[in-house]
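**Student:** Let me begin by handing over the structure; questions about it come next.
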Amino acid sequence: MTIEEDAARIAAQGESAPRLARDPVNPAMINNWLEALGDENPRYVAEGVAPPAMAQVWTMGGLNWQRTADDPLGAIITVLDEAGYTSIVATNSEQNYRRLLHHSEHVASTTKLEGIVGPKRTALGEGYFVTTTTTWYVGDEVVADMLFRVLKFKPKPTQSGVLRPVVSKDTEFFWEGMKAGELRIQRWGDELRHPPGPMPPDGDLDAKPDWVVASGRGTVYSYVVHHRPAVPGKKLPFVIALVELAEGVRMLGEVLDVASVHIGQPVEVAFVKVDDELTLPAWRVIA
Amino acid sequence: MIGTALPPLTVEITPTFVISAAIATRDFQDVHHDRDAAIARGSKDIFMNILTDTGLVHRFVTDWAGPRAFVRSIKIKLGVPCYAYDTLVLSGEVVEHDGDEMTIRVSGKGNLGEHIAGTVTVGGMS
């Protein structure tokens with residue numbers, strides 16, 4: 001069966017059975033929502049009503065939710081997952097609200113697959129746009145509805161095969177330095193710190209760091225020769241050394257083009273450009 | 001009233017904001033609260049969920065329209081993602097006015113470009 005035939009079969013099943021919200025409309029969930037969104041409209045508390053934009057919140061599945069067998073979005077996601085379109089991103093949400101919902105009203109929802117369009121080439125990768133409609137009821141009364149569209153896509157391969165570091169506010173200066181050909185060390189007053197952290201070693205929460213540019217020279221403090229397991233983008237075996245820099249801090253990195261390595265060996269920094277976004281520090285033995 | 005610009009709303013998209021809004025909208029997808037999981041799935045950080053986008057657009061319009069206004073519809077299209085540490089600026093303009101109903105065109109822009117584009121229809125606007 002093709003993807004299109006599966007989609008037609010799922011669409012022909014029509015609306016799923018109504019699924020009752022875990023909780024009736026209630027002040028606790030409304031207050032959590034108002035706090036998180038920063039919404040200070042006094043009407044909701046004063047009148048005991050929910051913001052219309054919470055319609056979808058009432059029937060969200062929650063932390064341990066399993067899609068029901070007749071859920072059409074779940075069914076088409078499975079079909080597309082099996083065809084290799086494994087990633088998902090929401091692209092459109094069009095909600096209509098008929099009236100305000102009051103505390104203790106209990107909402108139920110049904111969902112229907114409207115159709116799929118694809119395969120389309122997108123910035124994220126090749127994929128299918130999946131359109132569903134959801135209707136919210138209180139008893140037999142329709143209180144809100146939604147057209148919802150997601151893109152199910154095959155993610156493009158990443159720019160390079162190497163493992164990429166997590167760059168945070170605390171480490172951004174280091175990676176920017178790498179791109180600029182500078183080995184930077186975080187400094188808190190007179191004290192250097194590596195790896196960089198969010199506060200100085202004495203825990204002063206008001207302190208602000210800057211950084212110094214290292215000479216780039218140091219000696220091998222310790223090392224491992226990595227034989228297995230395989231590491232993306234690396235040819236086995238390779239050497240990772242903990243280098244004690246002239247400035248006193250210790251820093252990890254691969255030792256490049258090395259025939260033998262020993263503790264105390266002098267090394268200097270090398271900048272390995274992976275792509276425009278990422279340059280990694282490494283070491284070369286000084287002859 | 002057509003052509004009236006709404007006062008812009010600037011929202012600092014801190015990790016706390018992304019996570020608390022995702023949980024308040026009962027969206028427990030890991031990409032909205034777990035940075036390692038988000039990166040493993042090809043994102044650069046956790047990012048805002050679509051129910052929060054809808055909620056922010058709702059708040060943006062009612063902050064301006066006042067507590068008596070009733071939002072009848074919110075239609076949004078998502079552009080670039082809105083990651084933690086972004087600053088999102090919502091702007092809007094009245095594009096239709098018919099009786100007590102107004103339609104407002106809304107745009108939400110972050111550091112990467114336009115994250116939200118859409119329209120909101122609001123009633124109770126005499």
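So you can find residues: chains in the structure tokens are A, B, ... in the order shown, residues in each start at 1, and ligands are numbered from 1 in order.
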Contacts of Ala53 (chain A) at 10 Å or less, counting only C-alpha atoms, minus same-chain residues fewer than 3 places along, as a PyMOL selection string?

**Tutor:** (chain A and resi 50+56-57+95-97+100+144) or (chain B and resi 25+51-59+71-74)

**Student:** Going by DSSP on the backbone, which residues of region 7-56 of chain A come out as alpha helix (DSSP H)? List them as a ChimeraX atom specification.

**Tutor:** /A:7-12,27-37,43-47,55-56

**Student:** Check the smallest atom-to-atom distance from each of B:Glu101, B:Asp45, B:Asp36, B:Asp30 to Thr14 (chain B) using only C-alpha atoms, then report the winner.

**Tutor:**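 That would be B:Asp45, the residue with the smallest distance to Thr14 (chain B).
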
**Student:** Between B:Ala21, B:Val106, B:Val95, B:Ile116, which has the minimum distance to Ile2 (chain B) (counting only C-alpha atoms)?

**Tutor:**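 Ranked by minimum distance to Ile2 (chain B), first place goes to B:Val95.
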
**Student:** List as CSV every residue of chain A that is in contact with chain B, defined as an atom at most 9 Å from one of its atoms (using only C-alpha atoms), together with the nearest atom pair and the distance in Å rounded to one decimal, sorted by chain and then rising number.

**Tutor:**
residue,atom,partner,partner_atom,distance
A:Met29,CA,B:Ala24,CA,7.1
A:Ile30,CA,B:Ala24,CA,8.5
A:Asn31,CA,B:Ala24,CA,9.0
A:Asn32,CA,B:Ala24,CA,5.6
A:Trp33,CA,B:Ala24,CA,5.0
A:Leu34,CA,B:Ala24,CA,8.6
A:Glu35,CA,B:Ala21,CA,8.6
A:Ala36,CA,B:Ala21,CA,5.0
A:Leu37,CA,B:Ala21,CA,6.3
A:Gly38,CA,B:Arg59,CA,8.0
A:Asp39,CA,B:Arg59,CA,5.8
A:Glu40,CA,B:Asp63,CA,8.0
A:Asn41,CA,B:Pro67,CA,5.9
A:Pro42,CA,B:Pro67,CA,6.9
A:Arg43,CA,B:Pro67,CA,5.8
A:Tyr44,CA,B:Pro67,CA,8.8
A:Pro51,CA,B:His58,CA,8.3
A:Pro52,CA,B:Val71,CA,6.8
A:Ala53,CA,B:Gly55,CA,5.6
A:Met54,CA,B:Gly55,CA,7.3
A:Gln56,CA,B:Leu51,CA,7.6
A:Val57,CA,B:Thr25,CA,5.2
A:Trp58,CA,B:Arg26,CA,8.2
A:Thr59,CA,B:Arg26,CA,8.8
A:Met60,CA,B:Arg26,CA,6.0
A:Gly61,CA,B:Arg26,CA,7.5
A:Gly62,CA,B:Arg26,CA,5.7
A:Leu63,CA,B:Phe28,CA,5.6
A:Asn64,CA,B:Phe28,CA,8.8
A:Ser87,CA,B:Arg41,CA,8.2
A:Ala90,CA,B:Ile50,CA,7.0
A:Thr91,CA,B:Leu78,CA,5.0
A:Asn92,CA,B:Lys77,CA,4.5
A:Ser93,CA,B:Ile76,CA,5.4
A:Glu94,CA,B:Lys75,CA,3.9
A:Gln95,CA,B:Ile74,CA,5.3
A:Asn96,CA,B:Ser73,CA,4.2
A:Tyr97,CA,B:Arg72,CA,5.0
A:Arg98,CA,B:Arg72,CA,6.7
A:Arg99,CA,B:Arg72,CA,8.0
A:Leu100,CA,B:Phe70,CA,8.1
A:Leu147,CA,B:Lys75,CA,8.9
A:Pro155,CA,B:Gly42,CA,8.1
A:Thr158,CA,B:Gly42,CA,7.9
A:Val166,CA,B:Ile39,CA,8.2
A:Val167,CA,B:Lys44,CA,8.9

**Student:** Here is a test: counting only C-alpha atoms, which residue of A:Lys169, A:Arg22, A:Arg149, A:Arg9 is nearest to Pro196 (chain A)?

**Tutor:** A:Lys169

**Student:** Have a look at A:Leu73, A:Pro198, A:Gly248, A:Arg164 and name the one nearest to Phe148 (chain A); count only C-alpha atoms.

**Tutor:**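 Closest candidate: A:Leu73.
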
**Student:** Might you pull out every residue within 10 Å of region 3-10 of chain B, with only C-alpha atoms counted and same-chain residues fewer than 5 positions away left off, and present them as a VMD selection string?

**Tutor:** chain B and resid 56 to 57 59 to 61 63 to 65 87 to 97 104 to 110

**Student:** What's the 12 Å shell around Ala75 (chain A), counting only C-alpha atoms, without same-chain residues fewer than 2 positions away, as an MDAnalysis selection string?

**Tutor:** chainID A and resid 3 6:11 13 16 67:73 77:82 111:113 130 132

**Student:** May I have the residues from that selection written out with N, CA, C and O atoms, as a CSV table (one decimal), in the first residue's frame?

**Tutor:**
chain,number,residue,atom,x,y,z
A,3,ILE,N,1.8,5.4,0.5
A,3,ILE,CA,1.5,6.3,1.6
A,3,ILE,C,0.1,7.0,1.3
A,3,ILE,O,-0.7,7.2,2.2
A,6,ASP,N,-2.7,4.7,2.2
A,6,ASP,CA,-2.9,4.6,3.6
A,6,ASP,C,-3.6,5.8,4.1
A,6,ASP,O,-4.5,5.7,5.0
A,7,ALA,N,-3.2,7.0,3.6
A,7,ALA,CA,-3.8,8.3,4.1
A,7,ALA,C,-5.3,8.3,3.7
A,7,ALA,O,-6.1,8.7,4.5
A,8,ALA,N,-5.6,7.8,2.5
A,8,ALA,CA,-7.0,7.8,2.1
A,8,ALA,C,-7.8,6.9,3.0
A,8,ALA,O,-9.0,7.2,3.4
A,9,ARG,N,-7.3,5.8,3.4
A,9,ARG,CA,-7.9,4.8,4.2
A,9,ARG,C,-8.2,5.4,5.6
A,9,ARG,O,-9.3,5.3,6.2
A,10,ILE,N,-7.2,6.1,6.2
A,10,ILE,CA,-7.3,6.7,7.5
A,10,ILE,C,-8.3,7.9,7.5
A,10,ILE,O,-9.2,8.0,8.3
A,11,ALA,N,-8.2,8.7,6.4
A,11,ALA,CA,-9.2,9.8,6.3
A,11,ALA,C,-10.6,9.3,6.2
A,11,ALA,O,-11.5,9.9,6.7
A,13,GLN,N,-11.9,6.9,7.6
A,13,GLN,CA,-12.5,6.5,8.9
A,13,GLN,C,-13.2,7.6,9.6
A,13,GLN,O,-13.9,7.4,10.6
A,16,SER,N,-12.4,10.4,15.0
A,16,SER,CA,-12.1,9.4,16.1
A,16,SER,C,-13.2,9.5,17.2
A,16,SER,O,-13.9,10.5,17.2
A,67,ARG,N,-1.3,7.2,22.2
A,67,ARG,CA,-2.3,7.5,21.3
A,67,ARG,C,-3.3,6.3,21.2
A,67,ARG,O,-2.9,5.1,21.2
A,68,THR,N,-4.6,6.6,21.0
A,68,THR,CA,-5.6,5.5,20.9
A,68,THR,C,-5.5,4.9,19.5
A,68,THR,O,-5.0,5.5,18.6
A,69,ALA,N,-6.0,3.7,19.4
A,69,ALA,CA,-5.9,3.0,18.1
A,69,ALA,C,-6.6,3.7,17.0
A,69,ALA,O,-6.2,3.6,15.9
A,70,ASP,N,-7.7,4.4,17.3
A,70,ASP,CA,-8.4,5.1,16.2
A,70,ASP,C,-8.0,6.5,16.0
A,70,ASP,O,-8.6,7.3,15.3
A,71,ASP,N,-6.8,6.9,16.7
A,71,ASP,CA,-6.4,8.3,16.5
A,71,ASP,C,-5.8,8.5,15.1
A,71,ASP,O,-4.8,7.8,14.8
A,72,PRO,N,-6.4,9.3,14.3
A,72,PRO,CA,-5.9,9.4,12.9
A,72,PRO,C,-4.5,10.0,12.7
A,72,PRO,O,-3.8,9.6,11.8
A,73,LEU,N,-4.2,10.9,13.6
A,73,LEU,CA,-2.9,11.5,13.5
A,73,LEU,C,-1.8,10.5,13.9
A,73,LEU,O,-0.8,10.4,13.2
A,77,ILE,N,1.1,9.1,11.3
A,77,ILE,CA,2.5,9.3,11.8
A,77,ILE,C,3.2,8.0,11.7
A,77,ILE,O,4.4,7.9,11.2
A,78,THR,N,2.5,6.9,12.1
A,78,THR,CA,3.2,5.6,12.0
A,78,THR,C,3.5,5.2,10.6
A,78,THR,O,4.6,4.7,10.3
A,79,VAL,N,2.6,5.5,9.7
A,79,VAL,CA,2.8,5.2,8.2
A,79,VAL,C,4.0,6.0,7.7
A,79,VAL,O,4.9,5.4,7.1
A,80,LEU,N,4.1,7.2,8.1
A,80,LEU,CA,5.2,8.1,7.6
A,80,LEU,C,6.5,7.7,8.3
A,80,LEU,O,7.6,7.8,7.7
A,81,ASP,N,6.5,7.4,9.6
A,81,ASP,CA,7.7,6.9,10.3
A,81,ASP,C,8.3,5.7,9.5
A,81,ASP,O,9.5,5.6,9.3
A,82,GLU,N,7.4,4.8,9.2
A,82,GLU,CA,7.8,3.5,8.5
A,82,GLU,C,8.4,3.8,7.2
A,82,GLU,O,9.3,3.1,6.7
A,111,THR,N,-10.8,13.8,16.5
A,111,THR,CA,-9.9,14.3,15.4
A,111,THR,C,-10.1,13.5,14.2
A,111,THR,O,-10.5,12.3,14.2
A,112,LYS,N,-9.9,14.2,13.0
A,112,LYS,CA,-10.1,13.6,11.7
A,112,LYS,C,-8.9,13.9,10.9
A,112,LYS,O,-8.4,15.1,10.9
A,113,LEU,N,-8.5,13.0,10.0
A,113,LEU,CA,-7.4,13.3,9.1
A,113,LEU,C,-8.1,13.9,7.8
A,113,LEU,O,-8.9,13.3,7.2
A,130,VAL,N,0.7,17.1,6.8
A,130,VAL,CA,-0.4,16.3,7.3
A,130,VAL,C,-1.4,17.3,7.9
A,130,VAL,O,-1.0,18.0,8.8
A,132,THR,N,-5.0,17.8,9.9
A,132,THR,CA,-6.1,17.2,10.7
A,132,THR,C,-7.0,18.3,11.2
A,132,THR,O,-6.6,19.5,11.2

**Student:** Just give me the gap between CA of Trp136 (chain A) and CA of His106 (chain A) in Å, one decimal is fine.

**Tutor:**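 Taking CA of Trp136 (chain A) as the start and CA of His106 (chain A) as the end point, the length is 10.1 Å.
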
**Student:** Which one of A:Ser222, A:Ser215, A:Thr2, A:Thr122 sits closest to Val269 (chain A) if you count only C-alpha atoms?

**Tutor:**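 Checking each of A:Ser222, A:Ser215, A:Thr2, A:Thr122 against Val269 (chain A), counting only C-alpha atoms, the winner is A:Ser215.
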
**Student:** In Å, with one decimal, what is the gap from CA of Thr110 (chain A) to CA of Phe129 (chain A)?

**Tutor:** 20.0 Å
